[in-house]
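Asker: Please find input_4.cif (mmCIF, C-alpha atoms) on the next line:
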data_data
loop_
_atom_site.group_PDB
_atom_site.id
_atom_site.type_symbol
_atom_site.label_atom_id
_atom_site.label_comp_id
_atom_site.auth_asym_id
_atom_site.auth_seq_id
_atom_site.Cartn_x
_atom_site.Cartn_y
_atom_site.Cartn_z
ATOM 1 C CA MET A 139 45.242 -14.180 -75.419
ATOM 2 C CA THR A 140 41.725 -12.787 -75.908
ATOM 3 C CA THR A 141 40.346 -9.884 -73.889
ATOM 4 C CA VAL A 142 36.591 -9.737 -73.336
ATOM 5 C CA VAL A 143 35.113 -6.336 -72.527
ATOM 6 C CA VAL A 144 31.651 -6.816 -71.056
ATOM 7 C CA GLY A 145 29.928 -3.493 -71.623
ATOM 8 C CA GLY A 146 32.111 -2.724 -74.619
ATOM 9 C CA ALA A 147 29.568 -0.383 -76.194
ATOM 10 C CA GLY A 148 29.898 2.099 -73.324
ATOM 11 C CA GLU A 149 32.474 4.869 -73.199
ATOM 12 C CA VAL A 150 34.678 3.252 -70.541
ATOM 13 C CA GLY A 151 34.411 -0.128 -72.251
ATOM 14 C CA ARG A 152 35.486 1.396 -75.560
ATOM 15 C CA LEU A 153 38.398 3.174 -73.850
ATOM 16 C CA LEU A 154 39.737 -0.099 -72.421
ATOM 17 C CA ALA A 155 39.038 -2.085 -75.576
ATOM 18 C CA ARG A 156 41.188 0.297 -77.621
ATOM 19 C CA LEU A 157 43.922 0.204 -74.974
ATOM 20 C CA LEU A 158 44.115 -3.600 -74.940
ATOM 21 C CA LEU A 159 43.732 -4.231 -78.675
ATOM 22 C CA PRO A 160 47.512 -4.193 -79.358
ATOM 23 C CA ASP A 161 47.911 -7.074 -76.861
ATOM 24 C CA GLY A 162 45.678 -9.475 -78.771
ATOM 25 C CA PRO A 163 42.081 -10.107 -79.922
ATOM 26 C CA VAL A 164 39.387 -8.087 -78.164
ATOM 27 C CA VAL A 165 35.754 -9.183 -77.982
ATOM 28 C CA CYS A 166 33.203 -6.564 -76.914
ATOM 29 C CA ALA A 167 30.005 -7.989 -75.439
ATOM 30 C CA ASP A 168 27.017 -5.742 -74.817
ATOM 31 C CA VAL A 169 23.250 -5.620 -75.251
ATOM 32 C CA ARG A 170 23.938 -3.498 -78.345
ATOM 33 C CA ALA A 171 26.739 -4.025 -80.830
ATOM 34 C CA ALA A 172 29.969 -2.192 -80.038
ATOM 35 C CA GLU A 173 31.378 -0.837 -83.289
ATOM 36 C CA ILE A 174 35.090 -0.539 -82.504
ATOM 37 C CA PRO A 175 37.499 -1.083 -85.399
ATOM 38 C CA GLY A 176 39.615 -4.186 -84.909
ATOM 39 C CA THR A 177 37.365 -5.772 -82.283
ATOM 40 C CA VAL A 178 34.707 -8.476 -82.485
ATOM 41 C CA ALA A 179 31.220 -7.585 -81.239
ATOM 42 C CA ILE A 180 28.841 -9.984 -79.494
ATOM 43 C CA VAL A 181 25.320 -8.930 -78.607
ATOM 44 C CA ALA A 182 24.660 -10.547 -75.235
ATOM 45 C CA ASP A 183 23.308 -9.912 -71.744
ATOM 46 C CA ALA A 184 26.097 -10.547 -69.235
ATOM 47 C CA CYS A 185 23.590 -11.249 -66.462
ATOM 48 C CA ARG A 186 22.208 -14.110 -68.593
ATOM 49 C CA PRO A 187 25.246 -15.052 -70.694
ATOM 50 C CA SER A 188 24.611 -16.776 -74.000
ATOM 51 C CA ALA A 189 26.559 -19.768 -75.260
ATOM 52 C CA ASP A 190 28.605 -17.446 -77.488
ATOM 53 C CA LEU A 191 29.579 -15.225 -74.564
ATOM 54 C CA LEU A 192 30.422 -18.181 -72.328
ATOM 55 C CA GLY A 193 32.576 -19.583 -75.115
ATOM 56 C CA VAL A 194 34.739 -16.468 -75.442
ATOM 57 C CA LEU A 195 34.948 -16.090 -71.651
ATOM 58 C CA ARG A 196 36.517 -19.554 -71.444
ATOM 59 C CA GLN A 197 39.277 -18.404 -73.810
ATOM 60 C CA ALA A 198 39.879 -14.998 -72.231
ATOM 61 C CA GLY A 199 43.014 -13.928 -70.410
ATOM 62 C CA THR A 200 41.327 -10.718 -69.236
ATOM 63 C CA VAL A 201 37.633 -10.039 -68.639
ATOM 64 C CA VAL A 202 36.629 -6.405 -68.108
ATOM 65 C CA PHE A 203 33.229 -5.571 -66.599
ATOM 66 C CA ALA A 204 32.616 -1.974 -67.737
ATOM 67 C CA LEU A 205 29.060 -1.894 -66.462
ATOM 68 C CA PRO A 206 26.766 0.272 -64.307
ATOM 69 C CA GLU A 207 26.471 -0.352 -60.561
ATOM 70 C CA HIS A 208 23.177 -2.279 -60.675
ATOM 71 C CA VAL A 209 24.406 -4.636 -63.409
ATOM 72 C CA ALA A 210 28.058 -5.244 -62.536
ATOM 73 C CA VAL A 211 27.716 -7.547 -59.524
ATOM 74 C CA PRO A 212 25.074 -9.836 -61.108
ATOM 75 C CA ALA A 213 27.160 -9.957 -64.299
ATOM 76 C CA VAL A 214 30.303 -10.952 -62.395
ATOM 77 C CA ALA A 215 28.369 -13.748 -60.651
ATOM 78 C CA ALA A 216 26.837 -14.985 -63.920
ATOM 79 C CA CYS A 217 30.053 -14.900 -65.957
ATOM 80 C CA ALA A 218 32.604 -16.048 -63.350
ATOM 81 C CA PRO A 219 31.948 -19.811 -63.692
ATOM 82 C CA ALA A 220 33.243 -19.653 -67.271
ATOM 83 C CA VAL A 221 36.468 -17.816 -66.404
ATOM 84 C CA ARG A 222 39.663 -19.808 -66.736
ATOM 85 C CA PRO A 223 42.212 -20.113 -63.880
ATOM 86 C CA GLY A 224 44.858 -17.407 -64.019
ATOM 87 C CA ALA A 225 42.672 -14.960 -65.927
ATOM 88 C CA LEU A 226 42.213 -11.367 -64.783
ATOM 89 C CA LEU A 227 38.813 -9.964 -63.776
ATOM 90 C CA VAL A 228 38.502 -6.173 -63.950
ATOM 91 C CA GLU A 229 35.686 -3.860 -62.856
ATOM 92 C CA THR A 230 35.412 -0.126 -63.571
ATOM 93 C CA LEU A 231 32.796 1.174 -61.125
ATOM 94 C CA SER A 232 32.953 4.592 -59.497
ATOM 95 C CA VAL A 233 32.319 2.962 -56.088
ATOM 96 C CA LYS A 234 34.449 0.043 -54.913
ATOM 97 C CA GLU A 235 33.339 -1.136 -51.463
ATOM 98 C CA ALA A 236 30.269 -3.009 -52.737
ATOM 99 C CA VAL A 237 31.738 -4.633 -55.841
ATOM 100 C CA THR A 238 35.167 -5.576 -54.444
ATOM 101 C CA PRO A 239 33.958 -8.484 -52.242
ATOM 102 C CA ALA A 240 31.973 -9.901 -55.173
ATOM 103 C CA LEU A 241 34.981 -9.599 -57.473
ATOM 104 C CA ALA A 242 37.299 -11.108 -54.852
ATOM 105 C CA GLY A 243 34.926 -14.048 -54.335
ATOM 106 C CA ALA A 244 34.645 -14.699 -58.058
ATOM 107 C CA ALA A 245 38.426 -14.560 -58.465
ATOM 108 C CA ALA A 246 39.002 -16.930 -55.541
ATOM 109 C CA SER A 247 36.473 -19.436 -56.889
ATOM 110 C CA ARG A 248 38.266 -19.560 -60.255
ATOM 111 C CA GLY A 249 41.886 -19.113 -59.194
ATOM 112 C CA ALA A 250 41.909 -15.801 -61.046
ATOM 113 C CA GLU A 251 43.357 -12.347 -60.497
ATOM 114 C CA ALA A 252 41.128 -9.320 -59.896
ATOM 115 C CA CYS A 253 41.542 -5.573 -60.115
ATOM 116 C CA GLY A 254 39.304 -2.522 -59.814
ATOM 117 C CA LEU A 255 39.849 0.532 -62.022
ATOM 118 C CA ASN A 256 38.271 3.976 -62.025
ATOM 119 C CA PRO A 257 39.403 6.367 -64.772
ATOM 120 C CA MET A 258 39.054 9.777 -63.121
ATOM 121 C CA PHE A 259 38.236 11.540 -66.388
ATOM 122 C CA ALA A 260 35.723 11.495 -69.195
ATOM 123 C CA PRO A 261 36.836 8.749 -71.613
ATOM 124 C CA ALA A 262 36.783 11.178 -74.543
ATOM 125 C CA LEU A 263 39.799 12.941 -72.993
ATOM 126 C CA GLY A 264 42.010 9.868 -73.387
ATOM 127 C CA TRP A 265 44.651 8.485 -71.031
ATOM 128 C CA GLN A 266 47.397 11.096 -71.456
ATOM 129 C CA ASP A 267 48.104 13.079 -68.254
ATOM 130 C CA ASN A 268 44.955 11.813 -66.546
ATOM 131 C CA ALA A 269 44.626 9.777 -63.335
ATOM 132 C CA VAL A 270 43.316 6.235 -62.917
ATOM 133 C CA ALA A 271 42.474 4.836 -59.489
ATOM 134 C CA ALA A 272 43.421 1.175 -59.111
ATOM 135 C CA VAL A 273 42.486 -1.376 -56.443
ATOM 136 C CA ARG A 274 44.520 -4.589 -56.481
ATOM 137 C CA VAL A 275 41.961 -7.175 -55.317
ATOM 138 C CA ALA A 276 43.793 -10.411 -56.166
ATOM 139 C CA ASP A 277 47.212 -9.475 -57.453
ATOM 140 C CA GLY A 278 49.332 -11.169 -60.072
ATOM 141 C CA PRO A 279 51.249 -10.749 -63.344
ATOM 142 C CA ARG A 280 48.211 -9.912 -65.471
ATOM 143 C CA THR A 281 47.247 -7.136 -63.065
ATOM 144 C CA ALA A 282 50.769 -5.721 -63.267
ATOM 145 C CA ALA A 283 50.680 -5.900 -67.071
ATOM 146 C CA LEU A 284 47.342 -4.081 -67.251
ATOM 147 C CA LEU A 285 48.478 -1.276 -64.963
ATOM 148 C CA GLY A 286 51.691 -1.093 -66.990
ATOM 149 C CA SER A 287 49.684 -0.649 -70.205
ATOM 150 C CA ILE A 288 47.695 2.177 -68.622
ATOM 151 C CA THR A 289 50.892 3.880 -67.490
ATOM 152 C CA ALA A 290 52.445 3.411 -70.934
ATOM 153 C CA ALA A 291 49.404 5.146 -72.436
ATOM 154 C CA GLY A 292 50.332 8.243 -70.440
ATOM 155 C CA ALA A 293 48.023 7.962 -67.431
ATOM 156 C CA ARG A 294 48.952 8.215 -63.741
ATOM 157 C CA VAL A 295 47.953 5.073 -61.838
ATOM 158 C CA VAL A 296 47.140 5.776 -58.178
ATOM 159 C CA GLU A 297 46.714 2.642 -56.067
ATOM 160 C CA LEU A 298 44.315 2.561 -53.099
ATOM 161 C CA THR A 299 42.243 0.122 -51.094
ATOM 162 C CA ALA A 300 38.516 -0.054 -51.833
ATOM 163 C CA GLY A 301 37.726 1.908 -48.666
ATOM 164 C CA GLU A 302 40.316 4.573 -49.394
ATOM 165 C CA HIS A 303 38.984 4.892 -52.928
ATOM 166 C CA ASP A 304 35.407 5.510 -51.839
ATOM 167 C CA ARG A 305 36.355 7.992 -49.123
ATOM 168 C CA VAL A 306 38.489 10.114 -51.437
ATOM 169 C CA THR A 307 36.098 9.950 -54.399
ATOM 170 C CA ALA A 308 33.256 11.133 -52.152
ATOM 171 C CA VAL A 309 35.171 14.431 -52.081
ATOM 172 C CA LEU A 310 36.626 14.290 -55.591
ATOM 173 C CA GLN A 311 33.370 13.382 -57.302
ATOM 174 C CA ALA A 312 30.259 13.415 -55.088
ATOM 175 C CA ALA A 313 30.999 16.760 -53.398
ATOM 176 C CA THR A 314 32.355 18.349 -56.578
ATOM 177 C CA HIS A 315 29.376 17.349 -58.706
ATOM 178 C CA ALA A 316 26.896 18.306 -55.983
ATOM 179 C CA ALA A 317 28.530 21.726 -55.668
ATOM 180 C CA ALA A 318 28.387 22.279 -59.434
ATOM 181 C CA LEU A 319 24.749 21.187 -59.653
ATOM 182 C CA ALA A 320 23.821 23.370 -56.672
ATOM 183 C CA PHE A 321 25.521 26.282 -58.455
ATOM 184 C CA GLY A 322 23.453 25.409 -61.528
ATOM 185 C CA GLN A 323 20.240 25.623 -59.526
ATOM 186 C CA ALA A 324 21.330 29.017 -58.210
ATOM 187 C CA VAL A 325 21.916 30.118 -61.818
ATOM 188 C CA VAL A 326 18.393 29.024 -62.776
ATOM 189 C CA ALA A 327 16.896 30.712 -59.705
ATOM 190 C CA GLY A 328 18.738 33.926 -60.580
ATOM 191 C CA GLY A 329 16.700 34.205 -63.760
ATOM 192 C CA ALA A 330 19.372 35.530 -66.158
ATOM 193 C CA ASP A 331 19.625 33.573 -69.408
ATOM 194 C CA ALA A 332 22.844 32.017 -70.657
ATOM 195 C CA GLU A 333 23.569 34.772 -73.161
ATOM 196 C CA ALA A 334 23.362 37.465 -70.488
ATOM 197 C CA LEU A 335 25.608 35.466 -68.165
ATOM 198 C CA LEU A 336 28.212 34.778 -70.849
ATOM 199 C CA ALA A 337 28.297 38.425 -71.903
ATOM 200 C CA LEU A 338 29.468 39.505 -68.460
ATOM 201 C CA ALA A 339 30.891 36.357 -66.874
ATOM 202 C CA PRO A 340 34.161 36.866 -64.980
ATOM 203 C CA PRO A 341 36.591 33.933 -65.236
ATOM 204 C CA PRO A 342 35.449 32.046 -62.088
ATOM 205 C CA HIS A 343 31.805 32.118 -63.160
ATOM 206 C CA LEU A 344 32.663 31.161 -66.734
ATOM 207 C CA THR A 345 34.696 28.197 -65.493
ATOM 208 C CA MET A 346 31.851 27.077 -63.232
ATOM 209 C CA LEU A 347 29.392 27.337 -66.126
ATOM 210 C CA ALA A 348 31.722 25.194 -68.236
ATOM 211 C CA VAL A 349 31.923 22.525 -65.510
ATOM 212 C CA LEU A 350 28.155 22.649 -65.089
ATOM 213 C CA ALA A 351 27.560 22.192 -68.828
ATOM 214 C CA ARG A 352 29.970 19.261 -68.904
ATOM 215 C CA ILE A 353 28.004 17.506 -66.153
ATOM 216 C CA THR A 354 24.552 18.229 -67.582
ATOM 217 C CA GLY A 355 25.709 17.041 -71.010
ATOM 218 C CA GLY A 356 27.085 13.768 -69.618
ATOM 219 C CA ASN A 357 25.512 10.421 -68.761
ATOM 220 C CA PRO A 358 23.019 10.964 -65.894
ATOM 221 C CA GLU A 359 23.410 7.347 -64.753
ATOM 222 C CA VAL A 360 27.109 7.887 -64.029
ATOM 223 C CA TYR A 361 26.472 10.988 -61.932
ATOM 224 C CA TRP A 362 23.531 9.337 -60.168
ATOM 225 C CA ASP A 363 25.614 6.281 -59.195
ATOM 226 C CA ILE A 364 28.313 8.562 -57.752
ATOM 227 C CA GLN A 365 25.767 10.296 -55.492
ATOM 228 C CA VAL A 366 23.755 7.223 -54.519
ATOM 229 C CA ALA A 367 26.144 4.287 -54.423
ATOM 230 C CA ASN A 368 29.125 5.789 -52.608
ATOM 231 C CA PRO A 369 28.600 5.147 -48.863
ATOM 232 C CA HIS A 370 30.512 8.348 -48.034
ATOM 233 C CA ALA A 371 28.643 10.641 -50.451
ATOM 234 C CA ALA A 372 25.972 11.673 -47.936
ATOM 235 C CA ALA A 373 28.635 12.882 -45.503
ATOM 236 C CA ALA A 374 30.321 14.834 -48.311
ATOM 237 C CA ARG A 375 27.038 16.521 -49.230
ATOM 238 C CA ALA A 376 26.352 17.265 -45.560
ATOM 239 C CA ALA A 377 29.760 18.937 -45.277
ATOM 240 C CA LEU A 378 28.912 20.993 -48.356
ATOM 241 C CA ARG A 379 25.578 22.097 -46.869
ATOM 242 C CA GLU A 380 27.258 23.035 -43.590
ATOM 243 C CA ALA A 381 29.954 25.000 -45.417
ATOM 244 C CA VAL A 382 27.404 27.063 -47.358
ATOM 245 C CA ALA A 383 25.418 27.628 -44.161
ATOM 246 C CA ARG A 384 28.578 28.812 -42.388
ATOM 247 C CA ILE A 385 29.354 31.320 -45.139
ATOM 248 C CA ASP A 386 25.761 32.547 -44.983
ATOM 249 C CA THR A 387 25.988 32.986 -41.208
ATOM 250 C CA LEU A 388 29.297 34.863 -41.447
ATOM 251 C CA ALA A 389 27.918 37.213 -44.107
ATOM 252 C CA SER A 390 24.571 37.710 -42.366
ATOM 253 C CA THR A 391 26.192 38.597 -39.046
ATOM 254 C CA GLY A 392 28.992 40.699 -40.536
ATOM 255 C CA ASP A 393 31.649 38.405 -39.059
ATOM 256 C CA ARG A 394 34.648 39.503 -41.135
ATOM 257 C CA ALA A 395 37.133 37.889 -38.744
ATOM 258 C CA GLY A 396 35.352 34.572 -39.074
ATOM 259 C CA PHE A 397 35.367 34.880 -42.851
ATOM 260 C CA ASP A 398 39.104 35.599 -42.846
ATOM 261 C CA ALA A 399 39.654 32.571 -40.609
ATOM 262 C CA LEU A 400 37.682 30.406 -43.052
ATOM 263 C CA LEU A 401 39.906 31.459 -45.962
ATOM 264 C CA HIS A 402 43.088 30.966 -43.943
ATOM 265 C CA GLY A 403 41.938 27.508 -42.829
ATOM 266 C CA VAL A 404 41.383 26.334 -46.381
ATOM 267 C CA GLU A 405 44.688 27.879 -47.494
ATOM 268 C CA LYS A 406 46.489 26.006 -44.721
ATOM 269 C CA HIS A 407 44.873 22.731 -45.777
ATOM 270 C CA LEU A 408 46.078 23.201 -49.370
ATOM 271 C CA GLY A 409 49.609 23.636 -48.002
ATOM 272 C CA ASP A 410 52.506 24.010 -50.401
ATOM 273 C CA ARG A 411 50.265 23.009 -53.318
ATOM 274 C CA ALA A 412 48.331 26.282 -53.110
ATOM 275 C CA PRO A 413 50.739 28.320 -55.300
ATOM 276 C CA LEU A 414 50.760 25.567 -57.935
ATOM 277 C CA LEU A 415 46.970 25.498 -57.927
ATOM 278 C CA ARG A 416 46.812 29.278 -58.299
ATOM 279 C CA GLY A 417 49.090 29.008 -61.321
ATOM 280 C CA LEU A 418 46.837 26.330 -62.816
ATOM 281 C CA CYS A 419 43.804 28.543 -62.199
ATOM 282 C CA ALA A 420 45.481 31.459 -63.990
ATOM 283 C CA ARG A 421 46.175 29.255 -67.017
ATOM 284 C CA LEU A 422 42.612 27.939 -67.049
ATOM 285 C CA PHE A 423 41.209 31.443 -66.884
ATOM 286 C CA THR A 424 43.431 32.556 -69.765
ATOM 287 C CA MET A 425 42.182 29.680 -71.916
ATOM 288 C CA ARG A 426 38.560 30.404 -71.040
ATOM 289 C CA LEU A 427 38.925 34.102 -71.836
ATOM 290 C CA SER A 428 40.645 33.387 -75.153
ATOM 291 C CA ALA A 429 37.943 30.914 -76.098
ATOM 292 C CA ARG A 430 35.204 33.403 -75.249
ATOM 293 C CA SER A 431 36.741 36.207 -77.286
#
Write the structure described by the file as structure tokens, please.
Answerer:
Amino acid sequence: MTTVVVGGAGEVGRLLARLLLPDGPVVCADVRAAEIPGTVAIVADACRPSADLLGVLRQAGTVVFALPEHVAVPAVAACAPAVRPGALLVETLSVKEAVTPALAGAAASRGAEACGLNPMFAPALGWQDNAVAAVRVADGPRTAALLGSITAAGARVVELTAGEHDRVTAVLQAATHAAALAFGQAVVAGGADAEALLALAPPPHLTMLAVLARITGGNPEVYWDIQVANPHAAAARAALREAVARIDTLASTGDRAGFDALLHGVEKHLGDRAPLLRGLCARLFTMRLSARS
């Protein structure tokens, strides 16, 4: 049965289109043509679906909405009336609590299944050994088949509720990106150019520069949505501010005991995973150093 990927010209849409192509015809609908070998492209606005788009939606077994935050919910509402009973509706947003009720309502109105996905990696990296968050909204056999295809492609599927997803991604994404961008601003304020930094960079700094460059070279809309749309992102940023302020206070007052307690507290939180993470860090640093030389 046909799969329709709404937003098929985007990176996530292309990732899912290629994944689902072996299962049958894939139609990619977007405001610009999606040039993916083996798929059919339709130029259409999902918020105001054309007759062509409505026609393929009526034949689809799976409809993926790989769209930005401000477009996804209106697109689901506009396209849902054409969805056949038993079909699967999929969304791929980085924040789930807002879109999940809309997706659940659309699925209930059509007797359809619904599932939320969030690939926790840049699509260019591919599925192998990467994690995908999944929210089963209205479960069924098509949902199970989709998650099975993702697993078969080599990814780790981690299932959560919408609320759990947004709380954990506030730390995984919002806090991480904010910390990297704050580091970037400190780099700019420091005044040294990139060549000078790279000439002397120890492994931790080099790794942070690499993460920073990855973010600044990515899609700003994705990173903006993570900071703005996640209802828990503000609390994550506040915790980050407080943590930096605490380190500043400890250093300014010469509180070595407090600094030691801070390190021990974080080490305790990492638990038995800490040695594994240190091993991963050592391997990352070796790769960075080899690449630099």
Asker: Given only C-alpha atoms as the basis, pick out the residue of A:Leu415, A:Leu336, A:Ile353, A:Ala172 nearest to Arg152 (chain A).
Answerer: A:Ala172
Asker: For the PyMOL selection byres ((chain A and resi 251-257) around 6), applied here, can you spell out every residue it catches as a PyMOL selection string?
Answerer: chain A and resi 226-230+232+245+250+258-259+270-277
Asker: Of the candidates A:Ala210, A:Ala420, A:Leu192, A:Ala260, which shows the shortest atom-to-atom distance to Val150 (chain A), using all atoms listed in the file?
Answerer: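 The shortest atom-to-atom distance to Val150 (chain A) comes from A:Ala260.
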Asker: Just give me the gap between CA of Leu319 (chain A) and CA of His303 (chain A) in Å, one decimal is fine.
Answerer: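 These atoms are spaced 22.7 Å apart.
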Asker: Could you check which of A:Val143, A:Ala327, A:Ala351, A:Cys419 is closest to Ala179 (chain A), using all atoms listed in the file?
Answerer: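 Closest to Ala179 (chain A) of all the choices is A:Val143.
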Asker: Taking the partial coordinates given, rebuild region 347-367 of chain A to contain N, CA and C atoms; return it as a compact mmCIF listing (two decimals), keeping the file's coordinate frame.
Answerer:
# COMPACT_ATOMS: atom_id res chain seq x y z
N LEU A 347 30.39 27.65 -65.10
CA LEU A 347 29.39 27.34 -66.13
C LEU A 347 29.87 26.21 -67.04
N ALA A 348 31.16 26.24 -67.37
CA ALA A 348 31.72 25.19 -68.24
C ALA A 348 31.66 23.83 -67.55
N VAL A 349 32.01 23.78 -66.27
CA VAL A 349 31.92 22.52 -65.51
C VAL A 349 30.48 22.06 -65.44
N LEU A 350 29.58 22.99 -65.16
CA LEU A 350 28.16 22.65 -65.09
C LEU A 350 27.66 22.06 -66.41
N ALA A 351 28.01 22.67 -67.52
CA ALA A 351 27.56 22.19 -68.83
C ALA A 351 28.14 20.82 -69.14
N ARG A 352 29.36 20.58 -68.69
CA ARG A 352 29.97 19.26 -68.90
C ARG A 352 29.18 18.17 -68.17
N ILE A 353 28.76 18.48 -66.94
CA ILE A 353 28.00 17.51 -66.15
C ILE A 353 26.62 17.28 -66.75
N THR A 354 25.91 18.38 -67.07
CA THR A 354 24.55 18.23 -67.58
C THR A 354 24.53 17.59 -68.97
N GLY A 355 25.64 17.67 -69.69
CA GLY A 355 25.71 17.04 -71.01
C GLY A 355 26.24 15.62 -70.97
N GLY A 356 26.54 15.12 -69.76
CA GLY A 356 27.08 13.77 -69.62
C GLY A 356 25.99 12.73 -69.40
N ASN A 357 26.42 11.54 -68.99
CA ASN A 357 25.51 10.42 -68.76
C ASN A 357 24.91 10.53 -67.36
N PRO A 358 23.60 10.80 -67.23
CA PRO A 358 23.02 10.96 -65.89
C PRO A 358 23.23 9.76 -64.99
N GLU A 359 23.25 8.55 -65.57
CA GLU A 359 23.41 7.35 -64.75
C GLU A 359 24.74 7.35 -64.01
N VAL A 360 25.79 7.83 -64.66
CA VAL A 360 27.11 7.89 -64.03
C VAL A 360 27.07 8.82 -62.83
N TYR A 361 26.50 10.01 -63.02
CA TYR A 361 26.47 10.99 -61.93
C TYR A 361 25.53 10.55 -60.81
N TRP A 362 24.46 9.86 -61.16
CA TRP A 362 23.53 9.34 -60.17
C TRP A 362 24.22 8.28 -59.31
N ASP A 363 24.92 7.34 -59.94
CA ASP A 363 25.61 6.28 -59.20
C ASP A 363 26.62 6.88 -58.22
N ILE A 364 27.32 7.93 -58.63
CA ILE A 364 28.31 8.56 -57.75
C ILE A 364 27.65 9.12 -56.49
N GLN A 365 26.46 9.71 -56.65
CA GLN A 365 25.77 10.30 -55.49
C GLN A 365 25.09 9.24 -54.62
N VAL A 366 24.58 8.19 -55.24
CA VAL A 366 23.76 7.22 -54.52
C VAL A 366 24.55 6.04 -53.98
N ALA A 367 25.48 5.54 -54.78
CA ALA A 367 26.14 4.29 -54.42
C ALA A 367 27.31 4.46 -53.45
